[in-house]
file work.csv (CSV, C-alpha atoms and all ligand atoms)
chain,number,residue,atom,x,y,z
G,1,MET,CA,-7.5,93.2,114.1
G,2,GLU,CA,-4.3,92.8,116.2
G,3,ARG,CA,-4.1,89.6,118.2
G,4,VAL,CA,-2.0,88.0,120.9
G,5,VAL,CA,-1.6,84.5,122.2
G,6,SER,CA,-1.8,84.1,125.9
G,7,VAL,CA,-0.7,81.1,128.0
G,8,ASP,CA,-1.7,80.2,131.5
G,9,LEU,CA,0.7,77.6,132.8
G,10,GLY,CA,-0.4,75.4,135.7
G,11,ALA,CA,1.1,72.4,137.4
G,12,THR,CA,-1.6,70.2,135.9
G,13,SER,CA,-2.7,72.0,132.7
G,14,LEU,CA,-1.3,74.4,130.1
G,15,LYS,CA,-4.0,76.6,128.7
G,16,ALA,CA,-3.5,78.9,125.7
G,17,ALA,CA,-5.7,81.2,123.7
G,18,LEU,CA,-5.8,83.5,120.7
G,19,ILE,CA,-7.3,86.8,121.9
G,20,ASP,CA,-8.2,90.1,120.1
G,21,ARG,CA,-7.8,93.6,121.5
G,22,THR,CA,-11.3,93.8,122.8
G,23,GLY,CA,-10.8,90.6,124.8
G,24,ASN,CA,-12.6,88.1,122.6
G,25,ILE,CA,-11.2,84.5,122.9
G,26,LEU,CA,-11.1,83.4,119.3
G,27,CYS,CA,-9.5,80.0,119.7
G,28,ARG,CA,-8.2,78.0,122.6
G,29,LYS,CA,-6.2,74.9,123.5
G,30,THR,CA,-5.7,73.0,126.8
G,31,ILE,CA,-3.2,70.3,127.3
G,32,ALA,CA,-1.8,68.4,130.3
G,33,THR,CA,1.4,70.0,131.6
G,34,SER,CA,4.4,67.7,130.9
G,35,LYS,CA,6.0,66.2,134.0
G,36,ALA,CA,9.3,65.8,132.1
G,37,GLY,CA,10.8,69.1,133.2
G,38,ARG,CA,11.7,72.5,131.8
G,39,ALA,CA,12.7,71.7,128.3
G,40,ALA,CA,9.6,69.6,127.7
G,41,ILE,CA,7.3,72.4,129.0
G,42,ILE,CA,8.9,75.0,126.8
G,43,GLU,CA,8.5,72.7,123.8
G,44,GLN,CA,4.8,72.3,124.7
G,45,MET,CA,4.4,76.1,124.9
G,46,VAL,CA,6.2,76.8,121.6
G,47,THR,CA,4.0,74.2,119.8
G,48,VAL,CA,0.7,75.4,121.3
G,49,ILE,CA,1.6,79.1,120.6
G,50,GLN,CA,2.6,78.3,117.0
G,51,ASP,CA,-0.6,76.3,116.4
G,52,LEU,CA,-2.7,79.2,117.6
G,53,ALA,CA,-0.7,81.9,115.8
G,54,ARG,CA,-0.7,80.1,112.4
G,55,GLY,CA,-2.2,82.3,109.7
G,56,GLU,CA,-3.1,85.0,112.3
G,57,SER,CA,-1.6,88.5,112.7
G,58,VAL,CA,-0.2,87.7,116.1
G,59,LYS,CA,2.0,90.6,117.5
G,60,ALA,CA,2.9,89.4,121.0
G,61,VAL,CA,2.7,86.6,123.5
G,62,GLY,CA,1.7,86.9,127.2
G,63,ILE,CA,2.5,84.2,129.7
G,64,GLY,CA,1.2,83.6,133.3
G,65,THR,CA,3.3,81.1,135.2
G,66,PRO,CA,3.4,79.8,138.8
G,67,GLY,CA,6.2,81.1,141.0
G,68,PHE,CA,8.0,84.3,141.8
G,69,VAL,CA,8.5,86.0,138.4
G,70,ASP,CA,10.9,88.8,137.5
G,71,SER,CA,8.4,90.4,135.2
G,72,LYS,CA,11.0,93.0,133.9
G,73,MET,CA,13.3,90.2,132.7
G,74,GLY,CA,10.6,87.6,132.1
G,75,SER,CA,12.3,85.1,134.3
G,76,VAL,CA,10.9,82.6,136.8
G,77,LEU,CA,12.9,83.1,140.0
G,78,LEU,CA,11.4,80.3,142.1
G,79,ALA,CA,8.6,77.9,141.4
G,80,THR,CA,7.9,75.1,144.0
G,81,ASN,CA,4.9,73.5,142.2
G,82,ILE,CA,6.7,72.6,138.9
G,83,PRO,CA,9.9,70.6,139.2
G,84,GLY,CA,12.9,72.2,137.4
G,85,TRP,CA,11.0,75.4,136.6
G,86,SER,CA,12.9,77.7,138.9
G,87,GLY,CA,15.5,79.8,137.1
G,88,THR,CA,13.8,79.6,133.7
G,89,HIS,CA,14.6,82.6,131.5
G,90,LEU,CA,11.2,82.2,129.9
G,91,ALA,CA,10.7,85.4,127.9
G,92,HIS,CA,14.2,85.2,126.4
G,93,THR,CA,13.9,81.5,125.5
G,94,LEU,CA,10.4,81.8,124.0
G,95,GLN,CA,11.4,84.9,122.0
G,96,GLU,CA,14.2,83.0,120.4
G,97,HIS,CA,11.9,80.2,119.4
G,98,LEU,CA,9.0,82.4,118.3
G,99,GLY,CA,10.5,85.6,117.0
G,100,LEU,CA,7.7,87.5,118.8
G,101,PRO,CA,7.9,89.8,121.9
G,102,VAL,CA,7.0,87.8,125.0
G,103,VAL,CA,6.0,89.1,128.4
G,104,VAL,CA,5.9,86.9,131.5
G,105,GLU,CA,4.0,87.5,134.8
G,106,ASN,CA,3.2,85.5,137.9
G,107,ASP,CA,-0.1,83.5,137.3
G,108,ALA,CA,-2.1,85.1,140.2
G,109,ASN,CA,-0.9,88.6,139.1
G,110,ALA,CA,-2.1,87.7,135.6
G,111,ALA,CA,-5.4,86.5,137.0
G,112,ALA,CA,-5.9,89.8,138.8
G,113,LEU,CA,-5.2,91.8,135.6
G,114,GLY,CA,-7.7,89.5,133.8
G,115,GLU,CA,-10.4,90.1,136.4
G,116,ALA,CA,-9.6,93.9,136.3
G,117,TRP,CA,-10.0,93.9,132.5
G,118,LYS,CA,-12.9,91.5,131.9
G,119,GLY,CA,-14.1,90.2,135.3
G,120,ALA,CA,-15.4,91.0,138.7
G,121,GLY,CA,-12.7,93.6,139.3
G,122,GLN,CA,-14.0,95.9,136.6
G,123,SER,CA,-16.1,97.7,139.1
G,124,LEU,CA,-13.5,98.0,141.9
G,125,GLU,CA,-10.9,100.8,142.3
G,126,SER,CA,-8.6,98.3,144.1
G,127,PHE,CA,-8.9,94.7,145.0
G,128,ILE,CA,-7.0,91.7,146.4
G,129,MET,CA,-7.1,88.6,144.2
G,130,ILE,CA,-7.0,85.2,145.9
G,131,THR,CA,-6.7,82.2,143.7
G,132,LEU,CA,-7.6,78.8,145.3
G,133,GLY,CA,-6.5,76.0,143.1
G,134,THR,CA,-3.9,73.2,143.5
G,135,GLY,CA,-1.9,75.9,145.4
G,136,VAL,CA,-2.9,79.3,146.7
G,137,GLY,CA,-1.9,82.5,144.8
G,138,GLY,CA,-2.6,86.2,145.4
G,139,ALA,CA,-2.2,89.6,143.9
G,140,LEU,CA,-2.7,93.2,145.0
G,141,TYR,CA,-4.1,95.5,142.4
G,142,SER,CA,-5.0,99.1,142.3
G,143,ARG,CA,-6.3,100.9,139.2
G,144,ARG,CA,-4.1,103.9,140.0
G,145,THR,CA,-0.8,102.0,140.5
G,146,GLY,CA,-1.3,98.6,138.9
G,147,LEU,CA,0.0,95.5,140.5
G,148,LEU,CA,2.0,95.7,143.7
G,149,SER,CA,4.9,93.5,142.7
G,150,GLY,CA,7.2,94.4,145.6
G,151,SER,CA,11.0,95.1,145.7
G,152,GLY,CA,11.9,91.6,144.7
G,153,PHE,CA,8.8,90.5,142.7
G,154,ARG,CA,7.4,88.7,145.7
G,155,GLY,CA,4.5,91.0,146.4
G,156,GLY,CA,1.0,89.5,146.8
G,157,GLU,CA,2.3,86.0,147.5
G,158,ILE,CA,-0.4,85.5,150.1
G,159,GLY,CA,-0.1,81.7,149.8
G,160,HIS,CA,3.0,82.1,151.9
G,161,ALA,CA,1.5,84.4,154.5
G,162,ILE,CA,1.6,82.6,157.9
G,163,LEU,CA,-1.8,81.4,158.9
G,164,TYR,CA,-0.7,79.1,161.8
G,165,PRO,CA,2.7,80.0,163.4
G,166,GLY,CA,4.8,76.9,163.7
G,167,GLY,CA,2.3,74.9,161.7
G,168,ALA,CA,2.6,72.6,158.7
G,169,ALA,CA,5.9,72.6,156.8
G,170,CYS,CA,5.6,74.4,153.4
G,171,ALA,CA,7.6,73.6,150.3
G,172,CYS,CA,8.8,77.2,150.5
G,173,GLY,CA,10.7,76.4,153.7
G,174,GLN,CA,8.4,78.2,156.1
G,175,LYS,CA,5.9,76.7,158.5
G,176,GLY,CA,2.2,77.4,158.7
G,177,CYS,CA,1.8,79.0,155.3
G,178,VAL,CA,-1.7,79.7,154.0
G,179,GLU,CA,-1.1,77.2,151.2
G,180,GLN,CA,-0.8,74.4,153.7
G,181,TYR,CA,-4.4,75.0,154.8
G,182,LEU,CA,-6.3,76.4,151.8
G,183,SER,CA,-5.0,74.6,148.7
G,184,GLY,CA,-7.0,72.0,146.9
G,185,HIS,CA,-4.0,69.7,147.3
G,186,VAL,CA,-4.3,69.9,151.1
G,187,LEU,CA,-8.1,69.4,151.1
G,188,GLU,CA,-7.6,66.2,149.2
G,189,ALA,CA,-4.9,65.0,151.5
G,190,ASN,CA,-7.0,65.8,154.6
G,191,TYR,CA,-9.9,63.8,153.2
G,192,LEU,CA,-7.7,60.9,152.3
G,193,ARG,CA,-6.1,60.8,155.7
G,194,ARG,CA,-9.4,60.7,157.5
G,195,THR,CA,-11.4,58.4,155.3
G,196,ASN,CA,-8.9,56.4,153.3
G,197,LYS,CA,-10.9,57.5,150.2
G,198,ARG,CA,-9.4,59.5,147.4
G,199,LEU,CA,-11.6,62.4,146.3
G,200,SER,CA,-10.6,65.5,144.3
G,201,SER,CA,-10.8,68.8,146.1
G,202,ALA,CA,-13.9,69.6,144.0
G,203,GLU,CA,-15.5,66.4,145.1
G,204,VAL,CA,-14.7,67.0,148.7
G,205,LEU,CA,-16.3,70.5,148.6
G,206,ALA,CA,-19.3,69.2,146.6
G,207,ALA,CA,-19.8,66.4,149.1
G,208,ALA,CA,-19.9,68.8,152.1
G,209,ALA,CA,-23.7,68.8,152.1
G,210,LYS,CA,-24.0,65.1,152.8
G,211,ASP,CA,-20.7,63.8,154.1
G,212,ASP,CA,-19.7,64.8,157.6
G,213,VAL,CA,-15.9,64.5,157.0
G,214,ALA,CA,-16.1,66.6,153.9
G,215,ARG,CA,-18.3,69.1,155.7
G,216,GLY,CA,-15.8,69.5,158.5
G,217,ILE,CA,-13.0,70.1,156.0
G,218,ALA,CA,-15.1,72.6,154.1
G,219,GLU,CA,-16.1,74.5,157.3
G,220,ARG,CA,-12.5,74.7,158.4
G,221,PHE,CA,-11.5,75.9,154.9
G,222,ALA,CA,-14.1,78.7,155.1
G,223,PHE,CA,-12.9,79.6,158.6
G,224,ASP,CA,-9.3,79.7,157.6
G,225,LEU,CA,-10.0,81.7,154.5
G,226,ALA,CA,-11.9,84.2,156.6
G,227,VAL,CA,-8.8,84.6,158.9
G,228,LEU,CA,-6.7,85.4,155.9
G,229,ILE,CA,-9.2,87.9,154.5
G,230,THR,CA,-9.5,89.6,157.8
G,231,SER,CA,-5.8,90.2,158.0
G,232,LEU,CA,-5.6,91.4,154.5
G,233,GLN,CA,-8.6,93.7,154.9
G,234,ASN,CA,-7.0,95.3,158.0
G,235,ILE,CA,-3.6,95.7,156.3
G,236,PHE,CA,-4.6,96.9,152.9
G,237,ASP,CA,-8.2,98.1,153.1
G,238,PRO,CA,-9.0,97.2,149.5
G,239,ALA,CA,-12.3,98.0,147.9
G,240,GLY,CA,-12.9,94.3,147.5
G,241,PHE,CA,-11.6,90.8,147.2
G,242,VAL,CA,-11.9,88.8,144.0
G,243,ILE,CA,-11.7,85.0,144.8
G,244,GLY,CA,-10.8,82.7,141.9
G,245,GLY,CA,-9.2,79.4,141.1
G,246,GLY,CA,-10.7,76.0,140.6
G,247,LEU,CA,-12.2,75.7,144.1
G,248,VAL,CA,-14.5,78.7,143.5
G,249,HIS,CA,-16.6,76.6,141.0
G,250,TRP,CA,-17.7,74.6,144.1
G,251,ARG,CA,-18.5,77.6,146.2
G,252,ALA,CA,-22.2,76.7,146.6
G,253,THR,CA,-21.1,74.7,149.7
G,254,TRP,CA,-18.8,77.1,151.4
G,255,TRP,CA,-19.3,80.7,150.2
G,256,SER,CA,-22.1,81.5,152.8
G,257,TRP,CA,-19.9,80.1,155.5
G,258,LEU,CA,-17.0,82.3,154.4
G,259,ASP,CA,-19.3,85.3,154.4
G,260,ARG,CA,-20.5,84.6,157.9
G,261,ASN,CA,-17.0,83.9,159.2
G,262,VAL,CA,-15.7,87.2,157.7
G,263,ARG,CA,-18.5,89.2,159.3
G,264,GLU,CA,-17.8,87.6,162.7
G,265,GLN,CA,-14.0,87.9,162.5
G,266,CYS,CA,-13.5,91.2,160.7
G,267,VAL,CA,-15.1,93.7,163.0
G,268,HIS,CA,-13.1,96.9,162.1
G,269,GLY,CA,-13.3,96.8,158.3
G,270,GLY,CA,-17.0,97.6,157.8
G,271,ARG,CA,-18.7,95.5,155.2
G,272,VAL,CA,-16.0,93.5,153.3
G,273,CYS,CA,-16.8,93.1,149.6
G,274,LEU,CA,-16.2,89.5,148.5
G,275,LEU,CA,-16.7,88.6,144.9
G,276,PRO,CA,-16.2,85.3,143.0
G,277,ALA,CA,-14.0,85.7,140.0
G,278,ALA,CA,-16.2,86.3,137.0
G,279,THR,CA,-13.9,85.0,134.2
G,280,GLY,CA,-13.6,81.6,135.9
G,281,ASN,CA,-10.6,79.6,134.7
G,282,ASP,CA,-9.9,82.2,132.0
G,283,ALA,CA,-8.7,85.0,134.3
G,284,GLY,CA,-5.1,84.1,133.7
G,285,LEU,CA,-5.6,83.9,129.9
G,286,TYR,CA,-7.2,87.4,129.9
G,287,GLY,CA,-4.6,88.9,132.1
G,288,ALA,CA,-1.6,87.5,130.2
G,289,ALA,CA,-3.3,88.8,127.0
G,290,TYR,CA,-3.9,92.2,128.6
G,291,LEU,CA,-0.2,92.4,129.5
G,292,ALA,CA,0.9,91.4,126.0
G,293,PHE,CA,-1.3,94.2,124.5
G,294,SER,CA,-0.5,96.9,127.1
G,295,ASN,CA,3.2,96.3,127.6
G,296,LEU,CA,4.2,95.6,124.1
G,297,MET,CA,1.8,97.6,122.0
G,298,GLY,CA,0.8,100.6,124.1
G,299,ALA,CA,-2.0,100.8,126.7
G,300,LEU,CA,-5.4,99.5,125.8
K,401,ZN,ZN,5.1,78.6,152.1

call {"tool": "encode", "arguments": {"input": "work.csv", "output": "C-alpha cells"}}
result
Amino acid sequence: MERVVSVDLGATSLKAALIDRTGNILCRKTIATSKAGRAAIIEQMVTVIQDLARGESVKAVGIGTPGFVDSKMGSVLLATNIPGWSGTHLAHTLQEHLGLPVVVENDANAAALGEAWKGAGQSLESFIMITLGTGVGGALYSRRTGLLSGSGFRGGEIGHAILYPGGAACACGQKGCVEQYLSGHVLEANYLRRTNKRLSSAEVLAAAAKDDVARGIAERFAFDLAVLITSLQNIFDPAGFVIGGGLVHWRATWWSWLDRNVREQCVHGGRVCLLPAATGNDAGLYGAAYLAFSNLMGAL
C-alpha cells in the first residue's frame, strides 16, 4: 500500500511518522528540535525521513511547520518561534535531499486537516482549529472550500489577533496578541513571576485544583480563551471549534470554566460547539500526511 512520511516540526520537538493511505501510523520517531539553526534542523528532518522511509514504498512527504507558510511554494515566510527558520525554502531543499515530492503547510493548518480527516472535525461541516501549545496557532476550515489561507498565506493566524489593545508586546511586533495571554510559554512565565517557582504549563494547569496562584492563572486563561472564541464565533459562525495543542491534555482543570465563560460571553451565537482535538498530539502528523496524499497523489 502507498505510504507517505509526515513531519510535525515544533520549537521543542520534531515528530515524524510513516502513514498509510487509510491513516494508520505504522512507525514514528520523535526527537528534540535542534537549537543550532536552519541547516541543523533540515539535516534532522532528512535523517528522520530517510530512516522512516527505508525499505518502504514512500511516495511523498508532508511537513507541518510553525510560521507563515507559502504552501504553493513550500516556503516558510516568517517564523518567530524558531531562530533562523524564516525564509527557508523547505520543500525545494528537502526535495533535493530526498528525491521525493514534498508539500509544506503551516502547523496549525496541518492540525486542522488532521482533525478533519481523523479527529473531532470529522463530524463538522466547518470548524475553527485553535492550537494551544508553546505558542497559539489557528486555522479556518470548511469541508466545501478547504483551508482559508488568505491572500498572503496569513489566514487563520489567530495567535496574533489582538486580545488586549495596547497590551503585552508580541514577537510579531504587535501589542496585545492572543499568543501573549494564551500560550503555554506565558502561563509558565506568569507562574514564575508570581511564585518564583518554575513549573511547566502542564504542571500549572494540573495544579489549579489545589494551588491558588495556578488557579488564578487557569481561570484567566479560560476567560481569555472564551473572549477569543466569542469574537471568532461572531465573525465566522463555524459549526464548531476544535481545540488542540499540548494544553488540551490538561483540560480537566479548565474546560468547564471555558464552557461557562463562552456561554456567558457569547450571547448571540446560540450554542457554541467546543470539542477537544481527538487525535491529540498527532493532529499535525495526520494533516501533513493527508496533504501529501491529496496534493501529490490525487484526492483521498
Ligand atoms: Zn503577535

call {"tool": "closest_atom_pairs", "arguments": {"input": "work.csv", "of": "chain G", "to": "ligand ZN 401 (chain K)", "cutoff": "8 Å", "atoms": "only C-alpha atoms and all ligand atoms", "output": "tab-separated table"}}
result
residue	atom	partner	partner_atom	distance
G:Gly159	CA	K:ZN401	ZN	6.5
G:His160	CA	K:ZN401	ZN	4.1
G:Ala161	CA	K:ZN401	ZN	7.2
G:Ile162	CA	K:ZN401	ZN	7.9
G:Ala169	CA	K:ZN401	ZN	7.7
G:Cys170	CA	K:ZN401	ZN	4.4
G:Ala171	CA	K:ZN401	ZN	5.9
G:Cys172	CA	K:ZN401	ZN	4.3
G:Gly173	CA	K:ZN401	ZN	6.2
G:Gln174	CA	K:ZN401	ZN	5.2
G:Lys175	CA	K:ZN401	ZN	6.7
G:Gly176	CA	K:ZN401	ZN	7.3
G:Cys177	CA	K:ZN401	ZN	4.6
G:Val178	CA	K:ZN401	ZN	7.1
G:Glu179	CA	K:ZN401	ZN	6.4
G:Gln180	CA	K:ZN401	ZN	7.4

call {"tool": "residues_around", "arguments": {"input": "work.csv", "residues": "range 228-243 of chain G", "least_positions_apart": "2", "cutoff": "6 Å", "atoms": "only C-alpha atoms", "output": "list in words"}}
result
Ser126, Phe127, Ile128, Met129, Ile130, Thr131, Leu225, Ala226, Cys266, Cys273, Leu274, Leu275, Pro276 and Ala277 of chain G

call {"tool": "closest_residue", "arguments": {"input": "work.csv", "among": "G:Ala207, G:Ala36, G:Leu147, G:Leu94", "to": "Val48 in chain G", "atoms": "all atoms listed in the file"}}
result
G:Leu94

call {"tool": "closest_residue", "arguments": {"input": "work.csv", "among": "G:Cys27, G:Leu18, G:Ala206, G:Ala111", "to": "Ala283 in chain G", "atoms": "all atoms listed in the file"}}
result
G:Ala111

call {"tool": "atom_distance", "arguments": {"input": "work.csv", "atom1": "CA of Ser294 in chain G", "atom2": "CA of Leu100 in chain G"}}
result
15.0 Å

call {"tool": "build_atoms", "arguments": {"input": "work.csv", "residues": "range 80-91 of chain G", "atoms": "all heavy atoms", "output": "PDB file, in the frame of the given file"}}
result
ATOM      1  N   THR G  80       7.814  76.371 143.187  1.00  0.00           N
ATOM      2  CA  THR G  80       7.900  75.100 144.000  1.00  0.00           C
ATOM      3  C   THR G  80       6.939  74.053 143.421  1.00  0.00           C
ATOM      4  O   THR G  80       7.114  72.879 143.717  1.00  0.00           O
ATOM      5  CB  THR G  80       7.557  75.387 145.443  1.00  0.00           C
ATOM      6  OG1 THR G  80       6.317  76.098 145.506  1.00  0.00           O
ATOM      7  CG2 THR G  80       8.644  76.198 146.118  1.00  0.00           C
ATOM      8  N   ASN G  81       5.941  74.443 142.630  1.00  0.00           N
ATOM      9  CA  ASN G  81       4.900  73.500 142.200  1.00  0.00           C
ATOM     10  C   ASN G  81       5.303  72.709 140.919  1.00  0.00           C
ATOM     11  O   ASN G  81       4.701  71.695 140.610  1.00  0.00           O
ATOM     12  CB  ASN G  81       3.584  74.171 141.954  1.00  0.00           C
ATOM     13  CG  ASN G  81       2.881  74.483 143.260  1.00  0.00           C
ATOM     14  OD1 ASN G  81       3.251  73.940 144.303  1.00  0.00           O
ATOM     15  ND2 ASN G  81       1.898  75.349 143.219  1.00  0.00           N
ATOM     16  N   ILE G  82       6.279  73.238 140.151  1.00  0.00           N
ATOM     17  CA  ILE G  82       6.700  72.600 138.900  1.00  0.00           C
ATOM     18  C   ILE G  82       8.168  72.258 138.965  1.00  0.00           C
ATOM     19  O   ILE G  82       8.997  73.172 138.956  1.00  0.00           O
ATOM     20  CB  ILE G  82       6.368  73.457 137.670  1.00  0.00           C
ATOM     21  CG1 ILE G  82       4.870  73.784 137.631  1.00  0.00           C
ATOM     22  CG2 ILE G  82       6.807  72.765 136.392  1.00  0.00           C
ATOM     23  CD1 ILE G  82       4.483  74.687 136.476  1.00  0.00           C
ATOM     24  N   PRO G  83       8.519  70.974 139.053  1.00  0.00           N
ATOM     25  CA  PRO G  83       9.900  70.600 139.200  1.00  0.00           C
ATOM     26  C   PRO G  83      10.782  71.152 138.043  1.00  0.00           C
ATOM     27  O   PRO G  83      10.397  71.045 136.874  1.00  0.00           O
ATOM     28  CB  PRO G  83       9.901  69.066 139.160  1.00  0.00           C
ATOM     29  CG  PRO G  83       8.509  68.706 139.560  1.00  0.00           C
ATOM     30  CD  PRO G  83       7.619  69.810 139.058  1.00  0.00           C
ATOM     31  N   GLY G  84      11.925  71.751 138.372  1.00  0.00           N
ATOM     32  CA  GLY G  84      12.900  72.200 137.400  1.00  0.00           C
ATOM     33  C   GLY G  84      12.504  73.574 136.751  1.00  0.00           C
ATOM     34  O   GLY G  84      13.201  74.068 135.862  1.00  0.00           O
ATOM     35  N   TRP G  85      11.427  74.204 137.208  1.00  0.00           N
ATOM     36  CA  TRP G  85      11.000  75.400 136.600  1.00  0.00           C
ATOM     37  C   TRP G  85      11.655  76.682 137.125  1.00  0.00           C
ATOM     38  O   TRP G  85      11.734  77.710 136.448  1.00  0.00           O
ATOM     39  CB  TRP G  85       9.433  75.535 136.747  1.00  0.00           C
ATOM     40  CG  TRP G  85       8.749  76.470 135.809  1.00  0.00           C
ATOM     41  CD1 TRP G  85       7.962  77.535 136.148  1.00  0.00           C
ATOM     42  CD2 TRP G  85       8.753  76.438 134.373  1.00  0.00           C
ATOM     43  NE1 TRP G  85       7.486  78.156 135.017  1.00  0.00           N
ATOM     44  CE2 TRP G  85       7.961  77.503 133.920  1.00  0.00           C
ATOM     45  CE3 TRP G  85       9.368  75.602 133.422  1.00  0.00           C
ATOM     46  CZ2 TRP G  85       7.763  77.767 132.562  1.00  0.00           C
ATOM     47  CZ3 TRP G  85       9.173  75.863 132.076  1.00  0.00           C
ATOM     48  CH2 TRP G  85       8.378  76.933 131.661  1.00  0.00           C
ATOM     49  N   SER G  86      12.181  76.586 138.361  1.00  0.00           N
ATOM     50  CA  SER G  86      12.900  77.700 138.900  1.00  0.00           C
ATOM     51  C   SER G  86      14.102  78.075 138.068  1.00  0.00           C
ATOM     52  O   SER G  86      14.795  77.179 137.567  1.00  0.00           O
ATOM     53  CB  SER G  86      13.395  77.394 140.350  1.00  0.00           C
ATOM     54  OG  SER G  86      12.317  77.093 141.195  1.00  0.00           O
ATOM     55  N   GLY G  87      14.332  79.380 137.868  1.00  0.00           N
ATOM     56  CA  GLY G  87      15.500  79.800 137.100  1.00  0.00           C
ATOM     57  C   GLY G  87      15.310  79.800 135.609  1.00  0.00           C
ATOM     58  O   GLY G  87      16.273  79.996 134.865  1.00  0.00           O
ATOM     59  N   THR G  88      14.070  79.587 135.147  1.00  0.00           N
ATOM     60  CA  THR G  88      13.800  79.600 133.700  1.00  0.00           C
ATOM     61  C   THR G  88      13.775  80.986 133.139  1.00  0.00           C
ATOM     62  O   THR G  88      12.991  81.810 133.607  1.00  0.00           O
ATOM     63  CB  THR G  88      12.479  78.856 133.395  1.00  0.00           C
ATOM     64  OG1 THR G  88      12.514  77.547 133.961  1.00  0.00           O
ATOM     65  CG2 THR G  88      12.238  78.754 131.897  1.00  0.00           C
ATOM     66  N   HIS G  89      14.621  81.263 132.157  1.00  0.00           N
ATOM     67  CA  HIS G  89      14.600  82.600 131.500  1.00  0.00           C
ATOM     68  C   HIS G  89      13.539  82.490 130.375  1.00  0.00           C
ATOM     69  O   HIS G  89      13.862  82.353 129.190  1.00  0.00           O
ATOM     70  CB  HIS G  89      15.965  82.932 130.933  1.00  0.00           C
ATOM     71  CG  HIS G  89      17.002  83.020 132.006  1.00  0.00           C
ATOM     72  ND1 HIS G  89      16.941  83.963 133.008  1.00  0.00           N
ATOM     73  CD2 HIS G  89      18.096  82.263 132.271  1.00  0.00           C
ATOM     74  CE1 HIS G  89      17.958  83.790 133.838  1.00  0.00           C
ATOM     75  NE2 HIS G  89      18.669  82.757 133.418  1.00  0.00           N
ATOM     76  N   LEU G  90      12.291  82.546 130.791  1.00  0.00           N
ATOM     77  CA  LEU G  90      11.200  82.200 129.900  1.00  0.00           C
ATOM     78  C   LEU G  90      10.982  83.107 128.739  1.00  0.00           C
ATOM     79  O   LEU G  90      10.860  82.653 127.596  1.00  0.00           O
ATOM     80  CB  LEU G  90       9.904  82.043 130.756  1.00  0.00           C
ATOM     81  CG  LEU G  90       8.719  81.385 130.093  1.00  0.00           C
ATOM     82  CD1 LEU G  90       9.064  80.010 129.544  1.00  0.00           C
ATOM     83  CD2 LEU G  90       7.569  81.258 131.097  1.00  0.00           C
ATOM     84  N   ALA G  91      10.943  84.415 129.003  1.00  0.00           N
ATOM     85  CA  ALA G  91      10.700  85.400 127.900  1.00  0.00           C
ATOM     86  C   ALA G  91      11.796  85.247 126.857  1.00  0.00           C
ATOM     87  O   ALA G  91      11.522  85.148 125.658  1.00  0.00           O
ATOM     88  CB  ALA G  91      10.604  86.789 128.449  1.00  0.00           C
TER      89      ALA G  91
END
